[in-house]
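*Asks:* I am sharing run23.tsv, which consists of TSV, C-alpha atoms and all ligand atoms:
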```tsv
chain	number	residue	atom	x	y	z
A	1	MET	CA	6.42	14.25	23.06
A	2	LEU	CA	4.16	11.30	22.40
A	3	ARG	CA	4.93	9.21	25.47
A	4	GLU	CA	1.97	8.03	27.55
A	5	GLN	CA	0.02	5.19	25.99
A	6	SER	CA	-3.64	4.27	26.07
A	7	VAL	CA	-5.81	1.80	24.21
A	8	VAL	CA	-9.24	1.96	22.60
A	9	GLU	CA	-11.55	-1.02	22.14
A	10	ASN	CA	-12.52	-0.73	18.51
A	11	GLY	CA	-10.43	-1.17	15.41
A	12	PHE	CA	-9.15	-4.65	16.22
A	13	PHE	CA	-8.70	-7.45	13.72
A	14	GLY	CA	-8.62	-10.36	16.16
A	15	GLU	CA	-5.78	-9.46	18.50
A	16	PHE	CA	-4.18	-7.07	15.98
A	17	GLY	CA	-4.65	-3.40	15.24
A	18	GLY	CA	-6.10	-1.05	17.85
A	19	SER	CA	-4.82	2.36	18.72
A	20	TYR	CA	-1.90	2.60	21.14
A	21	ILE	CA	-1.43	6.34	21.11
A	22	PRO	CA	-1.51	9.32	23.49
A	23	GLU	CA	-4.78	10.89	24.67
A	24	ALA	CA	-4.41	13.99	22.51
A	25	LEU	CA	-4.18	11.89	19.36
A	26	GLN	CA	-6.92	9.53	20.50
A	27	LYS	CA	-9.46	12.34	20.25
A	28	VAL	CA	-8.31	13.39	16.79
A	29	LEU	CA	-8.50	9.85	15.42
A	30	ALA	CA	-11.90	9.26	17.01
A	31	GLU	CA	-13.16	12.24	15.02
A	32	LEU	CA	-11.59	10.82	11.89
A	33	ALA	CA	-13.29	7.46	12.52
A	34	ASP	CA	-16.66	9.20	12.93
A	35	ALA	CA	-16.23	11.22	9.73
A	36	PHE	CA	-15.22	8.12	7.80
A	37	ASP	CA	-18.27	6.22	9.06
A	38	THR	CA	-20.50	9.10	7.99
A	39	TYR	CA	-19.08	9.62	4.51
A	40	LYS	CA	-18.07	6.16	3.31
A	41	ASP	CA	-21.70	5.22	2.55
A	42	ASP	CA	-22.77	8.68	1.45
A	43	PRO	CA	-23.83	8.49	-2.23
A	44	GLU	CA	-22.44	11.94	-3.03
A	45	PHE	CA	-19.09	11.06	-1.49
A	46	GLN	CA	-18.97	7.78	-3.42
A	47	GLU	CA	-19.88	9.59	-6.62
A	48	ASP	CA	-17.03	12.06	-6.05
A	49	PHE	CA	-14.55	9.24	-5.39
A	50	ARG	CA	-15.62	7.40	-8.58
A	51	PHE	CA	-15.41	10.60	-10.58
A	52	TYR	CA	-11.76	11.28	-9.68
A	53	LEU	CA	-10.78	7.62	-10.04
A	54	ARG	CA	-12.20	7.72	-13.57
A	55	GLU	CA	-11.21	11.19	-14.75
A	56	TYR	CA	-7.88	11.67	-12.96
A	57	VAL	CA	-6.49	8.24	-12.07
A	58	GLY	CA	-7.72	6.61	-15.30
A	59	ARG	CA	-9.74	3.73	-13.84
A	60	GLU	CA	-10.89	1.18	-14.45
A	61	ASN	CA	-7.57	-0.29	-15.43
A	62	PRO	CA	-7.39	-3.61	-17.35
A	63	LEU	CA	-7.04	-7.16	-16.14
A	64	THR	CA	-4.48	-8.25	-18.74
A	65	PHE	CA	-3.97	-11.92	-19.68
A	66	ALA	CA	-0.21	-12.55	-19.64
A	67	LYS	CA	-0.37	-15.02	-22.48
A	68	ASN	CA	3.33	-15.30	-23.23
A	69	LEU	CA	4.35	-15.64	-19.61
A	70	THR	CA	1.63	-18.26	-19.06
A	71	GLU	CA	2.76	-20.33	-22.05
A	72	LYS	CA	6.37	-20.12	-20.98
A	73	GLN	CA	5.66	-21.14	-17.37
A	74	GLY	CA	3.09	-23.85	-18.03
A	75	GLY	CA	0.22	-24.33	-15.60
A	76	ALA	CA	-2.38	-21.78	-14.49
A	77	LYS	CA	-3.36	-18.76	-16.57
A	78	ILE	CA	-1.69	-15.62	-15.19
A	79	TYR	CA	-3.66	-12.37	-15.29
A	80	LEU	CA	-2.23	-8.98	-14.29
A	81	LYS	CA	-4.31	-6.34	-12.52
A	82	ARG	CA	-2.82	-3.20	-14.01
A	83	GLU	CA	-2.36	-0.73	-11.15
A	84	ASP	CA	0.83	0.25	-13.01
A	85	LEU	CA	-1.37	2.09	-15.51
A	86	ASN	CA	-2.83	4.48	-12.93
A	87	HIS	CA	-1.78	8.13	-13.00
A	88	THR	CA	1.52	8.34	-11.03
A	89	GLY	CA	2.17	4.69	-11.89
A	90	ALA	CA	0.99	2.75	-8.85
A	91	HIS	CA	-1.94	1.87	-6.59
A	92	LYS	CA	-1.12	4.51	-3.94
A	93	ILE	CA	-3.13	7.23	-5.69
A	94	ASN	CA	-6.43	5.35	-5.02
A	95	ASN	CA	-6.06	5.84	-1.29
A	96	VAL	CA	-4.72	9.38	-1.65
A	97	ILE	CA	-7.78	10.52	-3.62
A	98	GLY	CA	-10.14	8.91	-1.10
A	99	GLN	CA	-8.46	10.45	1.93
A	100	ILE	CA	-8.24	13.93	0.37
A	101	LEU	CA	-11.97	13.85	-0.36
A	102	LEU	CA	-12.52	12.86	3.26
A	103	ALA	CA	-10.22	15.66	4.44
A	104	LYS	CA	-12.19	18.19	2.41
A	105	ARG	CA	-15.48	16.95	3.88
A	106	MET	CA	-13.95	17.36	7.35
A	107	GLY	CA	-13.04	20.96	6.55
A	108	ALA	CA	-9.26	20.48	6.52
A	109	THR	CA	-7.29	23.14	4.65
A	110	ARG	CA	-3.88	21.48	4.90
A	111	ILE	CA	-2.62	17.93	4.24
A	112	ILE	CA	0.39	16.27	5.84
A	113	ALA	CA	1.88	12.88	5.03
A	114	GLU	CA	4.88	10.68	5.75
A	115	THR	CA	6.96	9.06	3.07
A	116	GLY	CA	9.80	6.53	3.04
A	117	ALA	CA	11.14	6.05	-0.47
A	118	GLY	CA	8.99	8.95	-1.65
A	119	GLN	CA	6.25	7.15	-3.57
A	120	HIS	CA	3.42	8.00	-1.18
A	121	GLY	CA	4.78	11.55	-0.87
A	122	VAL	CA	4.72	11.98	-4.64
A	123	ALA	CA	1.18	10.57	-4.94
A	124	THR	CA	0.02	12.91	-2.16
A	125	ALA	CA	1.76	15.96	-3.63
A	126	THR	CA	0.23	15.14	-7.03
A	127	ALA	CA	-3.35	15.00	-5.81
A	128	CYS	CA	-2.88	18.03	-3.53
A	129	ALA	CA	-1.75	20.02	-6.56
A	130	MET	CA	-4.89	19.01	-8.43
A	131	PHE	CA	-7.18	19.78	-5.46
A	132	ASP	CA	-5.25	22.99	-4.79
A	133	ILE	CA	-4.64	22.17	-1.14
A	134	PRO	CA	-1.29	22.91	0.53
A	135	CYS	CA	0.68	19.89	1.72
A	136	THR	CA	3.72	19.14	3.85
A	137	ILE	CA	5.53	15.84	3.41
A	138	TYR	CA	7.70	14.48	6.23
A	139	MET	CA	10.64	12.38	5.09
A	140	GLY	CA	13.61	11.03	7.05
A	141	LYS	CA	16.80	13.00	6.34
A	142	LEU	CA	18.62	9.86	5.21
A	143	ASP	CA	15.74	9.04	2.84
A	144	THR	CA	15.77	12.56	1.35
A	145	GLU	CA	19.43	12.04	0.49
A	146	ARG	CA	18.88	8.60	-1.03
A	147	GLN	CA	15.77	9.70	-2.94
A	148	ALA	CA	16.75	13.22	-3.95
A	149	LEU	CA	14.85	12.99	-7.23
A	150	ASN	CA	11.58	12.20	-5.43
A	151	VAL	CA	12.16	15.22	-3.16
A	152	PHE	CA	12.51	17.35	-6.28
A	153	ARG	CA	9.36	15.78	-7.76
A	154	MET	CA	7.34	16.64	-4.66
A	155	GLU	CA	8.66	20.20	-4.66
A	156	LEU	CA	7.91	20.52	-8.35
A	157	LEU	CA	4.33	19.54	-7.52
A	158	GLY	CA	4.19	22.33	-4.96
A	159	ALA	CA	4.67	20.34	-1.75
A	160	LYS	CA	6.83	21.38	1.18
A	161	VAL	CA	9.23	18.58	2.09
A	162	VAL	CA	10.54	18.48	5.66
A	163	ALA	CA	13.72	16.43	6.14
A	164	VAL	CA	13.44	14.86	9.60
A	165	GLU	CA	16.77	14.73	11.39
A	166	SER	CA	15.68	13.05	14.62
A	167	GLY	CA	16.20	9.33	15.25
A	168	GLN	CA	17.74	7.46	12.33
A	169	GLY	CA	16.32	9.86	9.77
A	170	ARG	CA	14.09	7.16	8.30
A	171	LEU	CA	10.40	6.35	7.82
A	172	LYS	CA	9.59	5.85	11.50
A	173	ASP	CA	10.98	9.27	12.35
A	174	ALA	CA	8.94	10.82	9.55
A	175	VAL	CA	5.79	9.20	10.98
A	176	ASP	CA	6.58	10.54	14.48
A	177	SER	CA	7.04	14.07	13.12
A	178	ALA	CA	3.81	13.89	11.14
A	179	LEU	CA	1.92	12.72	14.24
A	180	ASN	CA	3.39	15.58	16.29
A	181	ASP	CA	2.29	18.03	13.61
A	182	LEU	CA	-1.21	16.51	13.67
A	183	VAL	CA	-1.53	16.89	17.45
A	184	GLU	CA	-0.57	20.56	17.17
A	185	ASN	CA	-2.63	21.44	14.09
A	186	TYR	CA	-5.53	18.99	13.98
A	187	ASP	CA	-8.15	21.76	13.81
A	188	HIS	CA	-7.27	22.41	10.15
A	189	THR	CA	-4.82	19.64	9.22
A	190	PHE	CA	-5.48	16.12	7.90
A	191	TYR	CA	-2.86	13.37	8.17
A	192	LEU	CA	-2.97	11.31	4.97
A	193	LEU	CA	-1.45	7.92	5.84
A	194	GLY	CA	-0.01	5.88	3.00
A	195	SER	CA	-0.47	2.19	3.78
A	196	ALA	CA	-2.81	-0.22	5.59
A	197	VAL	CA	-0.93	0.37	8.82
A	198	GLY	CA	-1.04	2.76	11.78
A	199	PRO	CA	-3.59	3.17	14.56
A	200	HIS	CA	-7.33	2.73	14.02
A	201	PRO	CA	-9.10	3.89	11.83
A	202	TYR	CA	-6.32	4.13	9.19
A	203	PRO	CA	-6.08	0.42	8.25
A	204	THR	CA	-9.86	0.35	7.71
A	205	ILE	CA	-9.86	3.58	5.69
A	206	VAL	CA	-6.99	2.50	3.45
A	207	LYS	CA	-8.59	-0.89	2.79
A	208	HIS	CA	-11.89	0.79	1.91
A	209	PHE	CA	-10.29	2.97	-0.77
A	210	GLN	CA	-7.94	0.29	-2.13
A	211	ALA	CA	-10.76	-2.28	-2.33
A	212	VAL	CA	-11.60	-0.82	-5.74
A	213	ILE	CA	-8.77	-3.06	-7.04
A	214	SER	CA	-10.57	-6.32	-6.25
A	215	GLU	CA	-14.01	-4.88	-6.92
A	216	GLU	CA	-12.85	-4.39	-10.51
A	217	SER	CA	-10.76	-7.54	-10.84
A	218	LYS	CA	-13.61	-9.76	-9.62
A	219	ARG	CA	-16.02	-8.33	-12.20
A	220	GLN	CA	-13.32	-8.57	-14.89
A	221	VAL	CA	-12.30	-12.17	-14.17
A	222	LEU	CA	-15.94	-13.29	-14.12
A	223	GLU	CA	-16.44	-11.62	-17.51
A	224	LYS	CA	-13.30	-13.10	-19.05
A	225	GLU	CA	-13.20	-16.55	-17.47
A	226	GLY	CA	-16.67	-17.08	-16.04
A	227	LYS	CA	-15.23	-18.09	-12.69
A	228	LEU	CA	-13.26	-16.89	-9.72
A	229	PRO	CA	-9.47	-17.16	-9.67
A	230	ALA	CA	-7.77	-20.04	-7.87
A	231	ALA	CA	-5.41	-17.51	-6.30
A	232	VAL	CA	-4.77	-13.79	-5.94
A	233	VAL	CA	-1.13	-12.83	-5.42
A	234	ALA	CA	0.13	-9.44	-4.21
A	235	CYS	CA	3.32	-8.07	-2.70
A	236	VAL	CA	3.24	-6.96	0.92
A	237	GLY	CA	5.03	-3.96	2.36
A	238	GLY	CA	2.64	-2.25	4.76
A	239	GLY	CA	-0.06	-4.23	3.00
A	240	SER	CA	-2.27	-1.70	1.19
A	241	ASN	CA	-2.14	-3.04	-2.38
A	242	ALA	CA	-2.50	-6.59	-1.06
A	243	ILE	CA	-5.52	-5.85	1.16
A	244	GLY	CA	-7.14	-3.98	-1.74
A	245	ALA	CA	-6.43	-6.89	-4.09
A	246	PHE	CA	-7.80	-9.41	-1.53
A	247	ALA	CA	-10.79	-7.47	-0.15
A	248	HIS	CA	-13.60	-8.75	-2.38
A	249	TYR	CA	-12.31	-12.34	-2.25
A	250	ILE	CA	-11.92	-12.70	1.52
A	251	ASP	CA	-15.42	-14.19	1.74
A	252	GLU	CA	-14.80	-16.58	-1.18
A	253	PRO	CA	-13.03	-19.45	0.60
A	254	GLU	CA	-12.06	-21.24	-2.64
A	255	VAL	CA	-9.84	-18.30	-3.66
A	256	ARG	CA	-6.34	-18.58	-2.19
A	257	LEU	CA	-4.94	-15.25	-1.02
A	258	VAL	CA	-1.16	-15.13	-1.27
A	259	GLY	CA	1.02	-12.31	0.02
A	260	ALA	CA	4.63	-12.14	-1.19
A	261	GLU	CA	7.05	-10.38	1.12
A	262	PRO	CA	10.77	-9.80	0.69
A	263	ALA	CA	12.96	-12.54	2.17
A	264	GLU	CA	15.07	-9.67	3.54
A	265	ALA	CA	12.14	-8.28	5.59
A	266	PRO	CA	10.09	-11.38	6.51
A	267	THR	CA	7.55	-9.67	8.76
A	268	MET	CA	4.69	-12.06	8.11
A	269	THR	CA	6.64	-15.30	7.97
A	270	GLU	CA	8.96	-14.69	10.93
A	271	GLY	CA	7.43	-11.77	12.85
A	272	VAL	CA	6.03	-11.84	16.38
A	273	SER	CA	3.02	-9.99	17.73
A	274	ALA	CA	3.95	-6.59	19.15
A	275	VAL	CA	2.92	-2.95	19.22
A	276	ILE	CA	4.85	-0.68	16.85
A	277	HIS	CA	3.96	2.75	15.51
A	278	GLY	CA	0.69	2.86	17.48
A	279	PHE	CA	-0.86	-0.51	16.52
A	280	LYS	CA	-0.36	-4.21	17.13
A	281	CYS	CA	0.86	-6.43	14.28
A	282	LEU	CA	3.30	-9.12	13.31
A	283	THR	CA	6.67	-7.45	13.33
A	284	LEU	CA	10.40	-8.05	13.41
A	285	LEU	CA	12.04	-6.97	16.63
A	286	ASP	CA	15.72	-6.75	17.47
A	287	GLU	CA	17.17	-8.06	20.76
A	288	ASN	CA	16.12	-4.84	22.53
A	289	GLY	CA	12.50	-5.23	21.45
A	290	GLU	CA	12.75	-2.37	18.95
A	291	PRO	CA	11.52	-2.60	15.34
A	292	GLN	CA	14.34	-4.21	13.40
A	293	PRO	CA	15.95	-2.23	10.57
A	294	THR	CA	15.17	-4.05	7.30
A	295	TYR	CA	16.54	-3.85	3.80
A	296	SER	CA	14.71	-4.82	0.63
A	297	ILE	CA	15.82	-4.21	-2.95
A	298	ALA	CA	12.28	-2.76	-3.31
A	299	ALA	CA	12.17	0.38	-1.17
A	300	GLY	CA	8.38	0.21	-0.90
A	301	LEU	CA	8.55	-3.18	0.84
A	302	ASP	CA	11.14	-2.09	3.36
A	303	TYR	CA	9.02	-1.90	6.52
A	304	PRO	CA	9.48	-3.87	9.78
A	305	GLY	CA	5.73	-4.25	10.43
A	306	VAL	CA	2.64	-5.08	8.41
A	307	GLY	CA	-1.03	-4.11	8.46
A	308	PRO	CA	-3.12	-5.58	11.30
A	309	GLU	CA	-5.64	-7.24	8.98
A	310	HIS	CA	-2.89	-9.22	7.24
A	311	SER	CA	-1.57	-10.28	10.64
A	312	HIS	CA	-5.08	-11.50	11.43
A	313	LEU	CA	-5.70	-13.20	8.06
A	314	LYS	CA	-2.49	-15.13	8.55
A	315	THR	CA	-3.31	-16.10	12.14
A	316	ILE	CA	-6.75	-17.47	11.20
A	317	GLY	CA	-5.32	-19.23	8.13
A	318	ARG	CA	-7.36	-17.29	5.56
A	319	ALA	CA	-4.32	-15.91	3.69
A	320	GLU	CA	-0.86	-17.36	3.06
A	321	TYR	CA	2.34	-15.36	3.15
A	322	VAL	CA	5.55	-16.42	1.48
A	323	THR	CA	8.98	-14.88	1.03
A	324	VAL	CA	10.57	-13.97	-2.28
A	325	SER	CA	14.25	-13.04	-2.46
A	326	GLY	CA	15.61	-9.91	-4.09
A	327	GLU	CA	17.27	-12.17	-6.70
A	328	GLU	CA	13.98	-13.83	-7.60
A	329	ALA	CA	12.30	-10.44	-7.84
A	330	LEU	CA	15.06	-9.20	-10.17
A	331	ASP	CA	14.55	-12.26	-12.39
A	332	ALA	CA	10.80	-11.68	-12.49
A	333	PHE	CA	11.39	-7.99	-13.29
A	334	GLN	CA	13.32	-9.02	-16.40
A	335	GLU	CA	11.06	-11.93	-17.30
A	336	LEU	CA	7.85	-9.86	-17.37
A	337	SER	CA	9.62	-7.11	-19.31
A	338	LYS	CA	10.82	-9.57	-21.96
A	339	THR	CA	7.74	-11.76	-22.28
A	340	GLU	CA	4.96	-9.16	-21.98
A	341	GLY	CA	6.54	-5.77	-22.64
A	342	ILE	CA	5.57	-4.65	-19.16
A	343	ILE	CA	8.27	-3.39	-16.77
A	344	PRO	CA	6.96	-4.02	-13.24
A	345	ALA	CA	7.96	-2.14	-10.10
A	346	LEU	CA	10.51	-4.09	-8.04
A	347	GLU	CA	7.84	-4.33	-5.34
A	348	SER	CA	5.35	-5.87	-7.77
A	349	SER	CA	8.10	-8.14	-9.12
A	350	HIS	CA	7.95	-10.04	-5.82
A	351	ALA	CA	4.32	-10.93	-6.58
A	352	VAL	CA	5.15	-11.81	-10.19
A	353	ALA	CA	7.93	-14.14	-9.00
A	354	GLU	CA	5.57	-15.93	-6.61
A	355	ALA	CA	2.86	-16.24	-9.27
A	356	MET	CA	5.37	-17.81	-11.67
A	357	LYS	CA	6.15	-20.46	-9.03
A	358	LEU	CA	2.53	-20.99	-8.11
A	359	ALA	CA	1.30	-21.31	-11.71
A	360	LYS	CA	3.36	-24.46	-12.22
A	361	THR	CA	1.66	-26.16	-9.26
A	362	LEU	CA	-1.86	-25.48	-10.59
A	363	SER	CA	-3.76	-26.81	-13.61
A	364	LYS	CA	-4.19	-25.11	-17.01
A	365	ASP	CA	-7.83	-24.47	-16.15
A	366	ASP	CA	-6.94	-22.41	-13.12
A	367	VAL	CA	-6.54	-18.64	-13.05
A	368	ILE	CA	-4.09	-16.59	-10.98
A	369	ILE	CA	-4.51	-12.85	-10.60
A	370	VAL	CA	-1.30	-10.94	-9.84
A	371	ASN	CA	-1.73	-7.44	-8.56
A	372	LEU	CA	0.78	-5.41	-10.55
A	373	SER	CA	0.99	-2.67	-7.93
A	374	GLY	CA	3.19	-0.32	-9.93
A	375	ARG	CA	5.33	0.28	-13.00
A	376	GLY	CA	9.07	-0.20	-12.93
A	377	ASP	CA	10.35	2.93	-14.65
A	378	LYS	CA	11.40	4.26	-11.25
A	379	ASP	CA	13.57	1.16	-10.73
A	380	VAL	CA	15.34	0.92	-14.07
A	381	ASN	CA	18.41	2.87	-12.86
A	382	GLN	CA	18.81	0.69	-9.81
A	383	VAL	CA	18.43	-2.54	-11.79
A	384	PHE	CA	20.90	-1.25	-14.38
A	385	GLU	CA	23.49	-0.67	-11.67
A	386	LYS	CA	22.82	-4.04	-10.06
A	387	LEU	CA	23.10	-6.01	-13.30
A	388	ASN	CA	26.24	-4.20	-14.42
A	389	LYS	CA	28.21	-4.81	-11.24
B	1	LIG	C1	4.45	1.54	-1.81
B	1	LIG	C2	4.39	0.41	-2.79
B	1	LIG	C3	4.20	-0.92	-2.39
B	1	LIG	C4	4.14	-1.34	-0.96
B	1	LIG	O1	3.11	-0.81	-0.18
B	1	LIG	P1	1.84	-1.63	0.23
B	1	LIG	O2	1.16	-0.74	1.21
B	1	LIG	O3	2.30	-2.92	0.86
B	1	LIG	O4	1.04	-1.88	-0.98
B	1	LIG	C5	4.08	-1.90	-3.36
B	1	LIG	N1	4.20	-1.60	-4.67
B	1	LIG	C6	4.39	-0.34	-5.09
B	1	LIG	C7	4.50	-0.08	-6.56
B	1	LIG	C8	4.50	0.71	-4.17
B	1	LIG	O5	4.70	1.96	-4.61
```
The structure in this file should be written as structure tokens.
Ligand SMILES: *Cc1c(COP(=O)(O)O)cnc(C)c1O
*Replies:*
Amino acid sequence: MLREQSVVENGFFGEFGGSYIPEALQKVLAELADAFDTYKDDPEFQEDFRFYLREYVGRENPLTFAKNLTEKQGGAKIYLKREDLNHTGAHKINNVIGQILLAKRMGATRIIAETGAGQHGVATATACAMFDIPCTIYMGKLDTERQALNVFRMELLGAKVVAVESGQGRLKDAVDSALNDLVENYDHTFYLLGSAVGPHPYPTIVKHFQAVISEESKRQVLEKEGKLPAAVVACVGGGSNAIGAFAHYIDEPEVRLVGAEPAEAPTMTEGVSAVIHGFKCLTLLDENGEPQPTYSIAAGLDYPGVGPEHSHLKTIGRAEYVTVSGEEALDAFQELSKTEGIIPALESSHAVAEAMKLAKTLSKDDVIIVNLSGRGDKDVNQVFEKLNK
């Protein structure tokens, strides 16, 4: 069992982050941090990463001007960064490719991952199939029942899916099982974590691989508009698409960074600082000091904590975080579909909803970039049922 706690010095974003995990795991993650430091600047590694992003993921993806939506809203020009056009339909694959390449460099012959709604599990299973590397996906039992189709998808792709019965049978329990597996099998197993959360060095690794989003969008917006955007808007679950969309603008103080979180899981706007899942972040706790169960219409945003760097960016005032209700997200889902012919993921719809509000407060000369983190095909059934009630 992972009981005794210890803390390392590095990997902090202000007071947030760190690594509050048992000794056995501490050693494994220190090795991971070393390997990442070695390879991230290695030209051959970078070349490999670029190759798969281009040839497999389909990057670079466009920065699309949402002309109809902009005209209808009035105010700032809204551009969409099209992560929805990536292979597997979302941003998660960027990080998966990067971490698998790192795993291979470290000599791992087996990948494990956690998944909640199944999206990270599917992205991991997809890339593991292509790299011909066996993978085991841990998923809470309750989640496997609610997302049976994603379980089938992962199995179709050749992954082994383990339904975790301990605890509440949800994401946290899947993470615990994956960490236990890692402690037992770290000599040949790599734990591929899916968001900008978890103990050091994961938040740093995930940001590094997702930063390709803003690396591209910055070049694209300068080409199209000749200036930086007034704001970049992204939805925030664990925070990986948002930190990737913000990364290359953090040092450009005139660019507002806006994170949209579900009003039903207001981690950033109402959370307190606490350690959950091995790192310190803003989080929602219940009266017993345990992570509070949350519910968002967008399964990918349904997480009681948030990445440490977001917690820090909020605390120092560099980024703003706002809440968007499930109703507003549903409206934005339909609005973008009708005006632009683009069906956004329900997660991304939170960012679209916020951008629609924000555009009206800015001038026609301003530009807003919305990170369209994923496509909404996966959500059409759910929206159908909701609208026909
Ligand atoms: C998983 C997911 C999210 C939320 O995760 P982050 O780590 O906060 O980016 C957002 N959008 C889509 C489409 C997702 O699949």
*Asks:* Find the residues around region 87-89 of chain A up to 6 Å (only C-alpha atoms counted), leave out those fewer than 2 positions away in its own chain, and share them as a list in words.
*Replies:*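 Those residues are Val57, Asp84, Leu85, Gly374 and Arg375 of chain A.
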*Asks:* May I ask which of the residues A:Ala163, A:Ile369, A:Ile342, A:Ile276 is the closest one to Lys218 (chain A), counting only C-alpha atoms?
*Replies:*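 Nearest candidate to Lys218 (chain A) out of A:Ala163, A:Ile369, A:Ile342, A:Ile276: A:Ile369.
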*Asks:* Residues within 8 Å of ligand LIG 1 (chain B), counting all atoms listed in the file: report them as a PyMOL selection string.
*Replies:* chain A and resi 84+89-92+119-120+194-197+235-243+299-301+306+345-348+372-376
*Asks:* Is there a way to get, as a PDB file with C-alpha atoms, in the coordinates of the input, all residues within 7 Å of the point (-10.3, -5.9, -5.2) in file coordinates, counting all atoms listed in the file?
*Replies:*
```pdb
ATOM      1  CA  ALA A 211     -10.760  -2.280  -2.330  1.00  0.00           C
ATOM      2  CA  VAL A 212     -11.600  -0.820  -5.740  1.00  0.00           C
ATOM      3  CA  ILE A 213      -8.770  -3.060  -7.040  1.00  0.00           C
ATOM      4  CA  SER A 214     -10.570  -6.320  -6.250  1.00  0.00           C
ATOM      5  CA  GLU A 215     -14.010  -4.880  -6.920  1.00  0.00           C
ATOM      6  CA  GLU A 216     -12.850  -4.390 -10.510  1.00  0.00           C
ATOM      7  CA  SER A 217     -10.760  -7.540 -10.840  1.00  0.00           C
ATOM      8  CA  LYS A 218     -13.610  -9.760  -9.620  1.00  0.00           C
ATOM      9  CA  GLY A 244      -7.140  -3.980  -1.740  1.00  0.00           C
ATOM     10  CA  ALA A 245      -6.430  -6.890  -4.090  1.00  0.00           C
ATOM     11  CA  PHE A 246      -7.800  -9.410  -1.530  1.00  0.00           C
ATOM     12  CA  ALA A 247     -10.790  -7.470  -0.150  1.00  0.00           C
ATOM     13  CA  HIS A 248     -13.600  -8.750  -2.380  1.00  0.00           C
TER      14      HIS A 248
END
```
*Asks:* Considering only C-alpha atoms, state which residue in the set A:Leu102, A:Leu336, A:Val232, A:Leu171 is at the smallest distance from Asp366 (chain A).
*Replies:*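 Smallest separation from Asp366 (chain A) among the options: A:Val232.
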*Asks:* Which distance in Å separates CA of Thr323 (chain A) and CA of Thr269 (chain A), to one decimal?
*Replies:*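 Pair CA of Thr323 (chain A) / CA of Thr269 (chain A) returns 7.3 Å.
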*Asks:* Taking only C-alpha atoms into account, which of A:Glu309, A:Glu327, A:Asp132, A:Glu252 comes nearest Met268 (chain A)?
*Replies:*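 Distance minimum relative to Met268 (chain A) lands on A:Glu309.
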*Asks:* Between CA of Asp48 (chain A) and CA of Gly158 (chain A), what is the spacing in Å?
*Replies:*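 Going from CA of Gly158 (chain A) over to CA of Asp48 (chain A) covers 23.6 Å.
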*Asks:* Quick one: distance from CA of Thr361 (chain A) to CA of Ala234 (chain A) in Å, one decimal?
*Replies:*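 Spanning CA of Thr361 (chain A) to CA of Ala234 (chain A) is a straight-line distance of 17.5 Å.
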*Asks:* Go through A:Gly121, A:Leu32, A:Asn94, A:Glu44 one by one, measure the shortest atom-to-atom distance of each to Gly107 (chain A) using all atoms listed in the file, and give the residue with the smallest value.
*Replies:*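 Among the listed residues, A:Leu32 lies closest to Gly107 (chain A).
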*Asks:* Excluding same-chain residues fewer than 6 positions from Asp176 (chain A), what lies within 12 Å of it counting all atoms listed in the file, as a ChimeraX atom specification?
*Replies:* /A:1-3,21,25,113-115,138-140,164-170,182-183,191,198,276-278
*Asks:* Distance cut-off 8 Å, centre (8.2, -5.7, 11.1) in file coordinates, counting only C-alpha atoms: which residues qualify? Return them as a ChimeraX atom specification.
*Replies:* /A:265-268,271,282-285,291-292,303-306
*Asks:* Selection from above, C-alpha atoms, as a JSON list (two decimals), keeping the file's coordinate frame, can you write it?
*Replies:*
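Okay, this is what ended up in selection-v3.json:
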```json
[["chain", "number", "residue", "atom", "x", "y", "z"],
["A", 265, "ALA", "CA", 12.14, -8.28, 5.59],
["A", 266, "PRO", "CA", 10.09, -11.38, 6.51],
["A", 267, "THR", "CA", 7.55, -9.67, 8.76],
["A", 268, "MET", "CA", 4.69, -12.06, 8.11],
["A", 271, "GLY", "CA", 7.43, -11.77, 12.85],
["A", 282, "LEU", "CA", 3.30, -9.12, 13.31],
["A", 283, "THR", "CA", 6.67, -7.45, 13.33],
["A", 284, "LEU", "CA", 10.40, -8.05, 13.41],
["A", 285, "LEU", "CA", 12.04, -6.97, 16.63],
["A", 291, "PRO", "CA", 11.52, -2.60, 15.34],
["A", 292, "GLN", "CA", 14.34, -4.21, 13.40],
["A", 303, "TYR", "CA", 9.02, -1.90, 6.52],
["A", 304, "PRO", "CA", 9.48, -3.87, 9.78],
["A", 305, "GLY", "CA", 5.73, -4.25, 10.43],
["A", 306, "VAL", "CA", 2.64, -5.08, 8.41]]
```
*Asks:* Excluding Lys224 (chain A) and residues on its chain fewer than 6 positions from it, collect all residues at most 12 Å away from it, counting all atoms listed in the file, and give them as a PyMOL selection string.
*Replies:* chain A and resi 62-65+77+79+217-218+367
*Asks:* Which residue is closest to Gln382 (chain A)? Choose from A:Ala298, A:Cys128, A:Met356, A:Leu156 and count only C-alpha atoms.
*Replies:*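 For Gln382 (chain A), the nearest of the given residues is A:Ala298.
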*Asks:* Mind checking which residues fall within 9 Å of Thr109 (chain A), counting only C-alpha atoms, ignoring those fewer than 5 positions away in the same chain, and posting them as a list in words?
*Replies:*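 Skipping anything fewer than 5 positions along the chain leaves Ala103, Lys104, Ile133, Pro134, His188, Thr189 and Phe190 of chain A.
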